[in-house]
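**Q** Here it is, the structure, as structure tokens.
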Amino acid sequence: MWALLVLIGVASVSAHLQDLSFDRQKVFRVIPQDDEQVEILNFLANIMEVDFWQPDSVTLVRPKMQVDFRVEAEKSFDVEDLLKESGMEYEVLIDNLQAAMDAQFDSKVRTASHSYEKYNNWDTIAAWTADIAAQNPDLVSRTVIGETYEGRPMYLLKMGKSGQNKKAIFMDCGFHAREWISPAFCQWFVKEAVETYGKDTVMTTLLDKLDFYVLPVVNIDGYVYTWTNDRMWRKTRSKNAGTTCLGTDPNRNFNAGWCTLGASNLPCSSTYCGSAPESEKETKALADFIREHLSTIKAYLTIHSYSQLLLFPYSYTYNLPSNYQELNSIASAASKQLASLYNTKYTYGPGAETIYPAAGGSDDWAYDQGIKYSFTFELRDTGRYGFLLPESQIKPTCEETLLAVKYIANYVLEHLY
């Protein structure tokens with residue numbers, strides 16, 4: 001077996017995933033049973049480019065854990081031989097990545113303009129933020145909270161009826177560029193708020209009594225790059241000193257156990273923590289805004305994909321937050337609400353023990369700033385499509401997630417502090 005590994009390694013030094021032909025690339029799911037099988041995956045990741053989908057780094061792989069990863073077409077047969085020879089349980093989740101990418105765009109909506117049931121590129125989303133504010137001036141306003149590394153404005157929507165001393169909930173989407181269902185949810189949430197205000201009693205009460213800050217895409221440069229160059233890009237697009245590897249993982253870039261567990265100090269890694277906390281213009285802009293509004297922001301919600309999880313602090317430590325019981329019961333009830341529509345099952349709990357440790361995340365950081373209701377959603381699915389969730393699932397995914405978000409928001413409103 002090790003001879004086979006060496007052969008794969010020799011052949012792959014010159015090959016890169018960056019050639020960006022996704023045709024016949026495969027996504028495997030394996031469940032290593034023991035430390036030896038974990039070691040095989042580590043070795044594999046060392047000798048060839050392996051894109052880990054779940055967990056997001058080989059360093060987090062443990063025995064009995066479900067592991068999803070992508071390999072280039074030329075290597076997929078070698079990898080399959082290796083998995084067979086090692087006796088590792090495995091299945092091919094996606095047989096041809098390019099076909100899965102093409103199949104994402106299965107929406108029946110045929111329009112060149114913005115649609116809530118399609119994936120929209122950044123220019124379309126940016127124009128939509130202006131339109132939705134212009135069309136609903138008494139409910140929505142748009143500001144710019146900073147700009148990205150490549151100079152794009154970061155638009156923030158503020159939603160709610162004007163009132164005195166209102167508390168707020170902050171929600172963001174699109175931290176990781178390839179998680180397209182995430183920005184789709186932020187757009188859907190804004191749509192539902194403006195369309196159901198005055199009709200739905202819960203939404204009307206929420207917007208009368210609270211403000212919502214919605215950042216539709218955090219990692220705009222990365223998101224643009226997934227539309228133009230590499231659908232599987234995850235990080236920001238900033239330059240790193242001393243290397244040609246670009247980008248930082250924005251969700252490892254916050255000052256919460258920064259660059260310890262589950263984050264990498266290697267710029268080429270997909271979980272690179274950056275040169276310092278808030279080294280990225282995008283994370284700095286987000287953090288600055290929250291710091292400036294700490295007296296009013298009472299909850300923080302960040303939307304990711306995939307895995308169907310509802311997580312709360314901590315991820316950078318196995319220690320439990322001081323209001324663990326409360327957060328756990330909110331997550332339990334919100335998950336029940338979510339499942340009530342399409343029976344979609346979510347797992348909930350503190351990040352580190354529910355999935356894996358990950359330092360430098362925005363949810364832990366917000367919690368440590370004193371925002372005691374801090375949650376991370378990992379939306380559909382559990383791996384059948386992974387980051388390539390078809391457009392036909394945007395509506396049901398957003399509808400069910402909205403139920404959970406409304407539940408949390410209503411709880412926060414009834415427990416203001």
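Ordering of the structure tokens sets the chain letters (A, B, ...); residue numbers start at 1 within each chain; ligands are numbered from 1 in the order shown.
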So that I can check the surroundings of Arg178 (chain A), please list as a PyMOL selection string every protein, DNA and RNA residue that reaches within 6 Å of it, counting only C-alpha atoms and ignoring chain neighbours fewer than 5 positions away.
**A** chain A and resi 232-234
**Q** Considering only C-alpha atoms, return as a list in words whatever protein or nucleic-acid residues lie within 7 Å of Ala358 (chain A), sequence-local ones (same chain, fewer than 5 positions apart) excluded.
**A**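 Here the qualifying residues turn out to be Leu261, Gly262, Ala263, Ser315, Tyr316 and Ala352 of chain A.
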**Q** Just the residues within 8 Å of region 380-384 of chain A, please, counting only C-alpha atoms, with nothing from its chain fewer than 3 positions along; format it as a list in words.
**A** Asp68, Leu93, Ile94, Ser305, Tyr306, Ser307, Gln308, Leu389 and Thr397 of chain A
**Q** Excluding Val144 (chain A) and its own-chain neighbours fewer than 6 positions away, which residues fall within 9 Å of it when counting only C-alpha atoms? Please give them as a list of chain:residue names.
**A**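 Non-adjacent residues within range: A:Pro153, A:Met154, A:Tyr155, A:Leu156, A:Leu157.
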**Q** I need the helix (DSSP H, G or I) residues of region 39-101 of chain A per DSSP on the backbone, written as an MDAnalysis selection string.
**A** chainID A and resid 39:47 58:60 73:86 97:101
**Q** Find the spatial neighbours of Ala103 (chain A), counting only C-alpha atoms, within a cut-off of 9 Å - ignore same-chain residues fewer than 2 positions away - and output them as a list in words.
**A**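 Near neighbours after the sequence-gap exclusion: Gln98, Ala99, Ala100, Met101, Phe105, Asp106, Leu388, Leu389, Pro390 and Glu391 of chain A.
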**Q** Any chance you can output those residues with C-alpha atoms as an mmCIF file, in the first residue's frame?
**A**
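So part.cif came out as:
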```cif
data_model
loop_
_atom_site.group_PDB
_atom_site.id
_atom_site.type_symbol
_atom_site.label_atom_id
_atom_site.label_comp_id
_atom_site.auth_asym_id
_atom_site.auth_seq_id
_atom_site.Cartn_x
_atom_site.Cartn_y
_atom_site.Cartn_z
ATOM 1 C CA GLN A 98 -18.297 19.420 -13.567
ATOM 2 C CA ALA A 99 -21.620 17.677 -14.159
ATOM 3 C CA ALA A 100 -22.671 18.516 -10.582
ATOM 4 C CA MET A 101 -21.685 22.165 -11.148
ATOM 5 C CA PHE A 105 -28.442 25.714 -12.307
ATOM 6 C CA ASP A 106 -31.731 23.849 -12.450
ATOM 7 C CA LEU A 388 -23.152 22.503 -5.181
ATOM 8 C CA LEU A 389 -26.699 22.534 -3.843
ATOM 9 C CA PRO A 390 -29.080 22.789 -6.817
ATOM 10 C CA GLU A 391 -31.086 25.986 -7.259
#
```
**Q** Can you tell me, as a ChimeraX atom specification, what residues are no more than 9 Å from Ala177 (chain A) when counting only C-alpha atoms, ignoring any on the same chain fewer than 3 positions away?
**A** /A:174,180,217-226,231-236
**Q** In region 201-267 of chain A, what's strand (DSSP E or B) per DSSP? Answer as a list of chain:residue names?
**A**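 Here are the strand (DSSP E or B) residues of region 201-267 of chain A: A:Leu210, A:Asp211, A:Phe212, A:Tyr213, A:Val214, A:Leu215, A:Ser264.
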**Q** At a cut-off of 9 Å, using only C-alpha atoms, what residues contact Leu416 (chain A)? Leave out same-chain residues fewer than 4 positions from it and give the result as a list in words.
**A**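 Selected residues are Lys167, Lys298, Tyr411 and Val412 of chain A.
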**Q** Mind giving me the straight-line distance from CA of Glu399 (chain A) to CA of Val194 (chain A) in Å, one decimal?
**A**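 Answer for the CA of Glu399 (chain A) to CA of Val194 (chain A) separation: 14.9 Å.
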**Q** From the set A:Met159, A:Val30, A:Leu215, A:Val140, which residue has the shortest atom-to-atom contact distance to Phe185 (chain A), counting only C-alpha atoms?
**A** A:Leu215
